[in-house]
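What follows is the content of work.json (JSON, C-alpha atoms).
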```json
[["chain", "number", "residue", "atom", "x", "y", "z"],
["A", 191, "MET", "CA", 13.94, -12.76, 18.01],
["A", 192, "PRO", "CA", 13.46, -9.60, 15.91],
["A", 193, "SER", "CA", 16.00, -9.13, 13.16],
["A", 194, "GLN", "CA", 18.38, -6.18, 13.34],
["A", 195, "THR", "CA", 17.56, -3.63, 10.63],
["A", 196, "GLY", "CA", 20.17, -0.95, 11.34],
["A", 197, "LYS", "CA", 17.59, 1.70, 10.45],
["A", 198, "THR", "CA", 14.40, 3.20, 11.78],
["A", 199, "GLU", "CA", 11.48, 2.43, 9.49],
["A", 200, "ILE", "CA", 8.11, 4.16, 9.81],
["A", 201, "VAL", "CA", 4.96, 3.16, 7.94],
["A", 202, "VAL", "CA", 1.65, 5.03, 8.19],
["A", 203, "LEU", "CA", -1.13, 2.46, 8.45],
["A", 204, "THR", "CA", -4.05, 4.84, 8.99],
["A", 205, "ASP", "CA", -4.65, 8.48, 8.10],
["A", 206, "ASP", "CA", -7.44, 10.64, 6.72],
["A", 207, "THR", "CA", -5.93, 10.20, 3.24],
["A", 208, "ILE", "CA", -3.97, 7.53, 1.39],
["A", 209, "ALA", "CA", -0.48, 7.69, -0.07],
["A", 210, "GLN", "CA", -0.82, 4.42, -1.98],
["A", 211, "ASP", "CA", -3.59, 3.17, -4.22],
["A", 212, "GLY", "CA", -5.50, 0.19, -2.91],
["A", 213, "LEU", "CA", -5.43, 1.26, 0.72],
["A", 214, "MET", "CA", -8.23, 2.60, 2.91],
["A", 215, "ALA", "CA", -8.57, 5.93, 4.70],
["A", 216, "GLU", "CA", -10.48, 7.01, 7.79],
["A", 217, "HIS", "CA", -10.40, 9.86, 10.28],
["A", 218, "GLY", "CA", -7.66, 8.56, 12.55],
["A", 219, "VAL", "CA", -3.98, 7.81, 12.96],
["A", 220, "SER", "CA", -1.98, 4.61, 13.26],
["A", 221, "ILE", "CA", 1.75, 4.41, 12.64],
["A", 222, "LEU", "CA", 4.09, 1.39, 12.73],
["A", 223, "VAL", "CA", 7.66, 2.03, 13.90],
["A", 224, "THR", "CA", 10.41, -0.53, 13.38],
["A", 225, "LEU", "CA", 13.51, 0.25, 15.41],
["A", 226, "PRO", "CA", 17.09, -0.62, 14.39],
["A", 227, "ASN", "CA", 16.98, -3.51, 16.88],
["A", 228, "GLY", "CA", 14.11, -5.00, 14.86],
["A", 229, "ARG", "CA", 11.46, -4.46, 17.52],
["A", 230, "ARG", "CA", 8.19, -3.00, 16.23],
["A", 231, "TRP", "CA", 5.91, -0.54, 17.97],
["A", 232, "LEU", "CA", 2.43, 0.55, 16.96],
["A", 233, "VAL", "CA", 1.59, 4.19, 17.68],
["A", 234, "ASP", "CA", -2.20, 4.57, 17.97],
["A", 235, "THR", "CA", -4.76, 2.34, 16.28],
["A", 236, "GLY", "CA", -7.05, 4.66, 14.31],
["A", 237, "THR", "CA", -10.84, 4.46, 14.65],
["A", 238, "THR", "CA", -11.58, 0.96, 13.35],
["A", 239, "ASP", "CA", -9.67, -2.09, 12.11],
["A", 240, "ILE", "CA", -8.45, -0.27, 8.99],
["A", 241, "TYR", "CA", -4.89, -0.26, 10.36],
["A", 242, "GLN", "CA", -4.99, -4.05, 10.36],
["A", 243, "GLU", "CA", -6.50, -4.25, 6.88],
["A", 244, "ASN", "CA", -4.02, -1.77, 5.41],
["A", 245, "ALA", "CA", -1.16, -3.68, 7.04],
["A", 246, "ARG", "CA", -2.44, -6.86, 5.40],
["A", 247, "ARG", "CA", -2.62, -5.15, 2.01],
["A", 248, "LEU", "CA", 0.92, -3.85, 2.48],
["A", 249, "GLY", "CA", 2.18, -7.33, 3.35],
["A", 250, "ILE", "CA", 2.92, -6.35, 6.93],
["A", 251, "ARG", "CA", 2.21, -8.74, 9.79],
["A", 252, "LEU", "CA", 1.26, -7.18, 13.09],
["A", 253, "ASP", "CA", 2.13, -10.27, 15.12],
["A", 254, "GLY", "CA", 4.85, -9.97, 17.73],
["A", 255, "LEU", "CA", 4.60, -6.24, 18.38],
["A", 256, "ALA", "CA", 6.86, -5.00, 21.18],
["A", 257, "GLY", "CA", 4.05, -2.71, 22.29],
["A", 258, "ILE", "CA", 1.34, -0.21, 21.44],
["A", 259, "ALA", "CA", 1.81, 3.43, 22.43],
["A", 260, "ILE", "CA", -1.36, 5.52, 22.70],
["A", 261, "THR", "CA", -0.99, 9.27, 22.25],
["A", 262, "HIS", "CA", -4.35, 10.17, 23.86],
["A", 263, "GLY", "CA", -7.74, 8.66, 24.56],
["A", 264, "HIS", "CA", -9.81, 9.98, 21.63],
["A", 265, "ASP", "CA", -11.59, 7.30, 19.65],
["A", 266, "ASP", "CA", -9.86, 8.17, 16.37],
["A", 267, "HIS", "CA", -6.61, 7.02, 18.01],
["A", 268, "THR", "CA", -7.90, 4.22, 20.24],
["A", 269, "GLY", "CA", -10.94, 2.78, 18.46],
["A", 270, "GLY", "CA", -8.79, 0.17, 16.76],
["A", 271, "LEU", "CA", -8.09, -1.37, 20.16],
["A", 272, "THR", "CA", -11.58, -2.84, 19.78],
["A", 273, "PHE", "CA", -9.79, -5.37, 17.55],
["A", 274, "TYR", "CA", -6.90, -5.89, 19.98],
["A", 275, "SER", "CA", -7.76, -9.58, 20.36],
["A", 276, "ARG", "CA", -6.69, -10.18, 16.76],
["A", 277, "LEU", "CA", -3.09, -9.20, 17.60],
["A", 278, "ALA", "CA", -1.09, -12.28, 18.45],
["A", 279, "GLY", "CA", 0.95, -12.05, 21.62],
["A", 280, "LYS", "CA", -1.25, -9.50, 23.38],
["A", 281, "PRO", "CA", 1.29, -6.67, 23.16],
["A", 282, "PRO", "CA", 1.53, -4.31, 26.14],
["A", 283, "VAL", "CA", -0.34, -1.01, 25.76],
["A", 284, "TYR", "CA", 1.27, 2.19, 27.06],
["A", 285, "GLY", "CA", -0.38, 5.54, 27.66],
["A", 286, "HIS", "CA", -1.24, 8.21, 30.17],
["A", 287, "PRO", "CA", -3.72, 6.96, 32.81],
["A", 288, "TYR", "CA", -6.32, 9.46, 31.58],
["A", 289, "ILE", "CA", -6.74, 7.77, 28.19],
["A", 290, "TRP", "CA", -9.58, 5.77, 29.80],
["A", 291, "HIS", "CA", -11.70, 8.79, 30.70],
["A", 292, "LYS", "CA", -14.98, 9.31, 28.87],
["A", 293, "SER", "CA", -15.17, 12.52, 26.85],
["A", 294, "TYR", "CA", -17.46, 14.39, 24.50],
["A", 295, "GLN", "CA", -16.87, 16.91, 21.74],
["A", 296, "ILE", "CA", -19.39, 19.73, 21.66],
["A", 297, "ARG", "CA", -19.40, 22.31, 18.88],
["A", 298, "PRO", "CA", -22.04, 24.92, 18.05],
["A", 299, "GLY", "CA", -24.59, 23.66, 15.54],
["A", 300, "LYS", "CA", -23.31, 20.08, 15.58],
["A", 301, "PRO", "CA", -24.52, 16.94, 17.39],
["A", 302, "VAL", "CA", -22.70, 15.94, 20.54],
["A", 303, "ARG", "CA", -19.95, 13.48, 19.64],
["A", 304, "ILE", "CA", -18.67, 10.78, 21.98],
["A", 305, "THR", "CA", -14.88, 10.97, 21.67],
["A", 306, "GLY", "CA", -13.71, 8.62, 24.43],
["A", 307, "MET", "CA", -12.32, 5.16, 23.89],
["A", 308, "PRO", "CA", -15.00, 2.62, 22.86],
["A", 309, "TYR", "CA", -16.14, 0.16, 25.53],
["A", 310, "LEU", "CA", -14.83, -2.94, 23.74],
["A", 311, "ALA", "CA", -11.43, -1.31, 23.34],
["A", 312, "ARG", "CA", -11.38, -0.57, 27.07],
["A", 313, "ARG", "CA", -12.44, -4.08, 27.93],
["A", 314, "ASP", "CA", -9.92, -5.89, 25.75],
["A", 315, "ALA", "CA", -6.85, -3.66, 26.14],
["A", 316, "ALA", "CA", -7.12, -2.81, 29.84],
["A", 317, "PRO", "CA", -5.51, -6.04, 31.10],
["A", 318, "SER", "CA", -2.36, -5.24, 29.09],
["A", 319, "PHE", "CA", -2.19, -1.57, 30.01],
["A", 320, "HIS", "CA", 0.91, 0.10, 31.48],
["A", 321, "PRO", "CA", 0.36, 3.67, 32.70],
["A", 322, "VAL", "CA", 2.97, 6.33, 31.90],
["A", 323, "ASN", "CA", 3.40, 9.75, 33.44],
["A", 324, "GLY", "CA", 6.02, 12.26, 32.38],
["A", 325, "MET", "CA", 8.78, 10.82, 30.20],
["A", 326, "ALA", "CA", 9.50, 7.10, 29.83],
["A", 327, "ARG", "CA", 11.96, 5.07, 27.78],
["A", 328, "LEU", "CA", 10.00, 2.38, 25.97],
["A", 329, "ASP", "CA", 12.81, 0.76, 23.99],
["A", 330, "ASP", "CA", 16.25, 1.44, 22.56],
["A", 331, "ASP", "CA", 16.17, 5.14, 21.59],
["A", 332, "LEU", "CA", 12.35, 5.24, 21.80],
["A", 333, "TYR", "CA", 10.84, 7.65, 24.33],
["A", 334, "PHE", "CA", 7.30, 8.52, 25.40],
["A", 335, "PHE", "CA", 6.47, 12.09, 26.51],
["A", 336, "THR", "CA", 3.24, 12.96, 28.30],
["A", 337, "ASP", "CA", 2.07, 15.40, 31.01],
["A", 338, "ILE", "CA", 3.75, 17.98, 28.78],
["A", 339, "PRO", "CA", 3.99, 21.42, 30.48],
["A", 340, "ARG", "CA", 2.04, 24.15, 28.72],
["A", 341, "ALA", "CA", 3.58, 27.60, 28.81],
["A", 342, "PRO", "CA", 1.18, 30.36, 29.93],
["A", 343, "GLY", "CA", -0.59, 31.80, 26.89],
["A", 344, "SER", "CA", 0.68, 29.09, 24.54],
["A", 345, "PHE", "CA", -1.61, 27.49, 21.97],
["A", 346, "ALA", "CA", -3.03, 24.12, 23.06],
["A", 347, "PRO", "CA", -6.01, 22.85, 20.99],
["A", 348, "VAL", "CA", -8.33, 21.46, 23.66],
["A", 349, "ALA", "CA", -11.45, 23.62, 23.16],
["A", 350, "GLY", "CA", -14.77, 21.82, 22.70],
["A", 351, "ASN", "CA", -13.80, 18.75, 24.74],
["A", 352, "PHE", "CA", -15.82, 17.96, 27.87],
["A", 353, "PHE", "CA", -16.17, 15.20, 30.45],
["A", 354, "ASN", "CA", -19.97, 15.53, 30.35],
["A", 355, "GLU", "CA", -22.36, 15.55, 27.41],
["A", 356, "ASP", "CA", -24.08, 18.70, 28.71],
["A", 357, "GLY", "CA", -20.91, 20.71, 28.03],
["A", 358, "THR", "CA", -19.64, 20.85, 31.59],
["A", 359, "GLY", "CA", -16.22, 19.79, 32.84],
["A", 360, "PRO", "CA", -13.73, 20.95, 30.18],
["A", 361, "VAL", "CA", -11.18, 18.24, 29.35],
["A", 362, "PRO", "CA", -7.60, 19.58, 29.43],
["A", 363, "LEU", "CA", -6.30, 16.50, 27.58],
["A", 364, "ILE", "CA", -3.28, 16.14, 29.82],
["A", 365, "ASP", "CA", -3.05, 12.59, 28.44],
["A", 366, "ASP", "CA", -1.74, 14.03, 25.16],
["A", 367, "ALA", "CA", 1.57, 12.34, 24.35],
["A", 368, "SER", "CA", 4.24, 12.28, 21.69],
["A", 369, "LEU", "CA", 7.02, 9.82, 20.91],
["A", 370, "VAL", "CA", 10.65, 10.41, 20.04],
["A", 371, "VAL", "CA", 12.95, 8.10, 18.13],
["A", 372, "ARG", "CA", 16.59, 9.16, 18.49],
["A", 373, "THR", "CA", 18.58, 8.39, 15.35],
["A", 374, "SER", "CA", 22.18, 9.13, 14.37],
["A", 375, "ARG", "CA", 20.94, 12.01, 12.22],
["A", 376, "GLY", "CA", 18.56, 13.53, 14.75],
["A", 377, "MET", "CA", 15.24, 13.09, 16.53],
["A", 378, "VAL", "CA", 12.11, 11.83, 14.79],
["A", 379, "VAL", "CA", 9.03, 13.07, 16.66],
["A", 380, "ILE", "CA", 5.69, 11.28, 16.26],
["A", 381, "VAL", "CA", 2.64, 13.30, 17.30],
["A", 382, "GLY", "CA", -0.93, 11.99, 17.53],
["A", 383, "CYS", "CA", -2.86, 15.28, 17.56],
["A", 384, "GLY", "CA", -0.63, 17.67, 19.47],
["A", 385, "HIS", "CA", -3.28, 18.72, 22.00],
["A", 386, "ALA", "CA", -0.51, 19.87, 24.36],
["A", 387, "GLY", "CA", 0.47, 22.42, 21.72],
["A", 388, "TYR", "CA", 3.23, 22.00, 19.15],
["A", 389, "THR", "CA", 5.64, 24.52, 20.68],
["A", 390, "ASN", "CA", 5.14, 22.99, 24.13],
["A", 391, "ILE", "CA", 5.84, 19.50, 22.80],
["A", 392, "ILE", "CA", 9.02, 20.57, 21.04],
["A", 393, "ALA", "CA", 10.16, 22.53, 24.11],
["A", 394, "ALA", "CA", 9.70, 19.50, 26.39],
["A", 395, "ILE", "CA", 11.60, 17.24, 24.01],
["A", 396, "HIS", "CA", 14.40, 19.76, 23.54],
["A", 397, "GLU", "CA", 14.75, 20.13, 27.32],
["A", 398, "ALA", "CA", 15.16, 16.35, 27.64],
["A", 399, "PHE", "CA", 17.63, 16.07, 24.76],
["A", 400, "PRO", "CA", 19.28, 19.52, 24.42],
["A", 401, "GLN", "CA", 22.12, 18.27, 22.23],
["A", 402, "ASP", "CA", 19.91, 16.49, 19.69],
["A", 403, "ARG", "CA", 18.69, 18.10, 16.49],
["A", 404, "LEU", "CA", 15.17, 17.70, 15.12],
["A", 405, "LEU", "CA", 15.12, 15.59, 11.97],
["A", 406, "ALA", "CA", 11.40, 15.03, 11.32],
["A", 407, "VAL", "CA", 7.93, 15.57, 12.76],
["A", 408, "ILE", "CA", 5.31, 13.00, 11.76],
["A", 409, "GLY", "CA", 1.58, 12.81, 12.54],
["A", 410, "GLY", "CA", -1.24, 15.23, 13.31],
["A", 411, "LEU", "CA", -0.54, 18.70, 14.69],
["A", 412, "HIS", "CA", -4.09, 20.07, 15.17],
["A", 413, "LEU", "CA", -3.15, 23.49, 13.83],
["A", 414, "LEU", "CA", -5.85, 23.82, 11.18],
["A", 415, "ASN", "CA", -7.67, 26.58, 13.12],
["A", 416, "ALA", "CA", -4.59, 28.15, 14.67],
["A", 417, "PRO", "CA", -4.00, 31.87, 14.13],
["A", 418, "ALA", "CA", -1.06, 33.11, 12.07],
["A", 419, "ASN", "CA", 1.12, 33.96, 15.09],
["A", 420, "VAL", "CA", 0.83, 30.36, 16.33],
["A", 421, "LEU", "CA", 2.04, 29.01, 12.98],
["A", 422, "ALA", "CA", 4.91, 31.50, 13.04],
["A", 423, "ASP", "CA", 5.86, 30.36, 16.55],
["A", 424, "ALA", "CA", 5.78, 26.74, 15.39],
["A", 425, "ILE", "CA", 8.23, 27.52, 12.61],
["A", 426, "ASP", "CA", 10.49, 29.56, 14.90],
["A", 427, "CYS", "CA", 10.82, 26.82, 17.52],
["A", 428, "THR", "CA", 11.46, 24.27, 14.77],
["A", 429, "LYS", "CA", 14.17, 26.35, 13.11],
["A", 430, "ARG", "CA", 16.08, 26.72, 16.37],
["A", 431, "ILE", "CA", 16.79, 22.98, 16.64],
["A", 432, "MET", "CA", 16.18, 21.42, 13.22],
["A", 433, "ALA", "CA", 18.78, 19.22, 11.58],
["A", 434, "ASP", "CA", 19.95, 19.35, 7.97],
["A", 435, "GLY", "CA", 17.30, 17.70, 5.85],
["A", 436, "PHE", "CA", 14.51, 18.32, 8.36],
["A", 437, "PHE", "CA", 10.94, 17.76, 7.18],
["A", 438, "PHE", "CA", 7.33, 17.63, 8.34],
["A", 439, "CYS", "CA", 5.30, 14.58, 7.28],
["A", 440, "CYS", "CA", 1.88, 15.46, 8.62],
["A", 441, "GLY", "CA", -1.80, 14.81, 7.99],
["A", 442, "HIS", "CA", -4.93, 13.97, 9.99],
["A", 443, "CYS", "CA", -5.79, 17.13, 11.96],
["A", 444, "THR", "CA", -2.86, 19.26, 10.77],
["A", 445, "GLY", "CA", -4.68, 21.25, 8.08],
["A", 446, "GLU", "CA", -3.81, 21.81, 4.42],
["A", 447, "ASN", "CA", -3.42, 25.53, 5.09],
["A", 448, "VAL", "CA", -0.77, 24.71, 7.68],
["A", 449, "LEU", "CA", 1.19, 22.50, 5.30],
["A", 450, "ARG", "CA", 1.10, 25.23, 2.66],
["A", 451, "TYR", "CA", 2.38, 27.77, 5.18],
["A", 452, "PHE", "CA", 5.17, 25.44, 6.30],
["A", 453, "GLY", "CA", 6.14, 24.84, 2.67],
["A", 454, "GLU", "CA", 6.22, 28.55, 1.90],
["A", 455, "THR", "CA", 8.32, 29.22, 4.99],
["A", 456, "LEU", "CA", 10.75, 26.29, 5.04],
["A", 457, "GLY", "CA", 10.64, 25.27, 1.39],
["A", 458, "GLU", "CA", 8.64, 22.57, -0.35],
["A", 459, "ARG", "CA", 11.25, 19.90, 0.38],
["A", 460, "ALA", "CA", 10.59, 20.36, 4.09],
["A", 461, "VAL", "CA", 6.94, 19.30, 3.80],
["A", 462, "ARG", "CA", 5.53, 15.91, 2.86],
["A", 463, "SER", "CA", 1.95, 14.73, 3.08],
["A", 464, "MET", "CA", 1.27, 11.75, 5.30],
["A", 465, "GLY", "CA", -1.41, 9.32, 4.09],
["A", 466, "ALA", "CA", -1.88, 5.61, 4.64],
["A", 467, "GLY", "CA", 0.98, 3.70, 3.06],
["A", 468, "ARG", "CA", 3.56, 6.43, 3.46],
["A", 469, "SER", "CA", 6.91, 4.82, 4.28],
["A", 470, "LEU", "CA", 9.94, 6.61, 5.72],
["A", 471, "VAL", "CA", 13.41, 5.29, 6.53],
["A", 472, "PHE", "CA", 15.93, 7.03, 8.78]]
```
So, in terms of structure tokens, how does the structure I just supplied come out?
Amino acid sequence: MPSQTGKTEIVVLTDDTIAQDGLMAEHGVSILVTLPNGRRWLVDTGTTDIYQENARRLGIRLDGLAGIAITHGHDDHTGGLTFYSRLAGKPPVYGHPYIWHKSYQIRPGKPVRITGMPYLARRDAAPSFHPVNGMARLDDDLYFFTDIPRAPGSFAPVAGNFFNEDGTGPVPLIDDASLVVRTSRGMVVIVGCGHAGYTNIIAAIHEAFPQDRLLAVIGGLHLLNAPANVLADAIDCTKRIMADGFFFCCGHCTGENVLRYFGETLGERAVRSMGAGRSLVF
């Protein structure tokens, strides 16, 4: 049985940068969440097996996971499922049904990039998959949000994603998901890339838990190319519900310019870099 910890502990296993010497970085996200009941959940798996190697170097065993929550189907969040067979216990995998769809990223002047989940990840994880639509409770005070409504005219970073390699069939990335851990001090929100749009994500979570305050936002926000008004809107919606001691701990696709803006607006104490090895306790 998992041991009771009394606290929520979050460790970043994979990010584009490192927060501790001796760890490895890659373009991707993987985050380990330990709940107060002692049960452990993996959020995303990065691109390769680096999440497993970094866990080993940190002295963390990934055996006996309660589950794996996938925030969307892109390979930098699902590629690590290629090494799913190494995880003892074959933990259940949760995500929107569309995480399995093939997709391509097409940008002017750059080669076509396959962004869908690798074949071996599909093959090995599919038997343990549990589809989620809308909001679902995964564990004590742990919630999964997907199919997030997008307000007309709101910013949602989905451009350049297609179902076909010839640039046809735009992918709306409705599989984009975020997780919420409800703590005694407020909500901790874990975002993979925020393709549904940051303000839309926060609005959906606030609608579900209108009495809860926002304590922290962790992960990738995909705001690096967002215009100034979008960043201002992100700050405004955060201010309306943030708790005392609120902070962003973001990396991956967030953008250094975004973190600087958040720091200038909310104060430097409200912004922390992510990085592999970053550990947070709530």
Problem set entry | Minimum-distance residue to A:Asp266, chosen among A:Ile250, A:Lys197, A:Gly384, A:His442 (using all atoms listed in the file) |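 The answer is A:His442, which sits nearest to A:Asp266.
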Exercise. From the set A:Gly306, A:Gly409, A:Gly465, A:Gly249, which residue has the shortest atom-to-atom contact distance to A:Asn354, counting only C-alpha atoms?
Worked result: A:Gly306
Exercise. Can you tell me, as a PyMOL selection string, which residues sit within 8 Å of (21.8, 18.0, 15.2) in the file's frame, using all atoms listed in the file?
Worked result: chain A and resi 375-376+401-405+431-434
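Shortest separation to A:Ala256 among A:Thr224, A:Asn351, A:Asn447, A:Thr336 occurs at residue A:Thr224, atoms counted being all atoms listed in the file.
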Problem set entry | Nearest candidate to A:Ser344 (options A:Val370, A:Trp231, A:Ala424, A:Leu414; using only C-alpha atoms) | A:Ala424
Problem set entry | Near-A:Gly387 list (9 Å; all atoms listed in the file; drop same-chain fewer than 2 positions) as a list in words | Ile338, Arg340, Ser344, Phe345, Ala346, Pro347, Cys383, Gly384, His385, Thr389, Asn390, Ile391, Ile392, Leu411, His412 and Leu413 of chain A
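Taking only C-alpha atoms into account, A:Asp206 lies nearest to A:Met464 out of the set A:Ala394, A:Met464, A:Ile260, A:Leu271.
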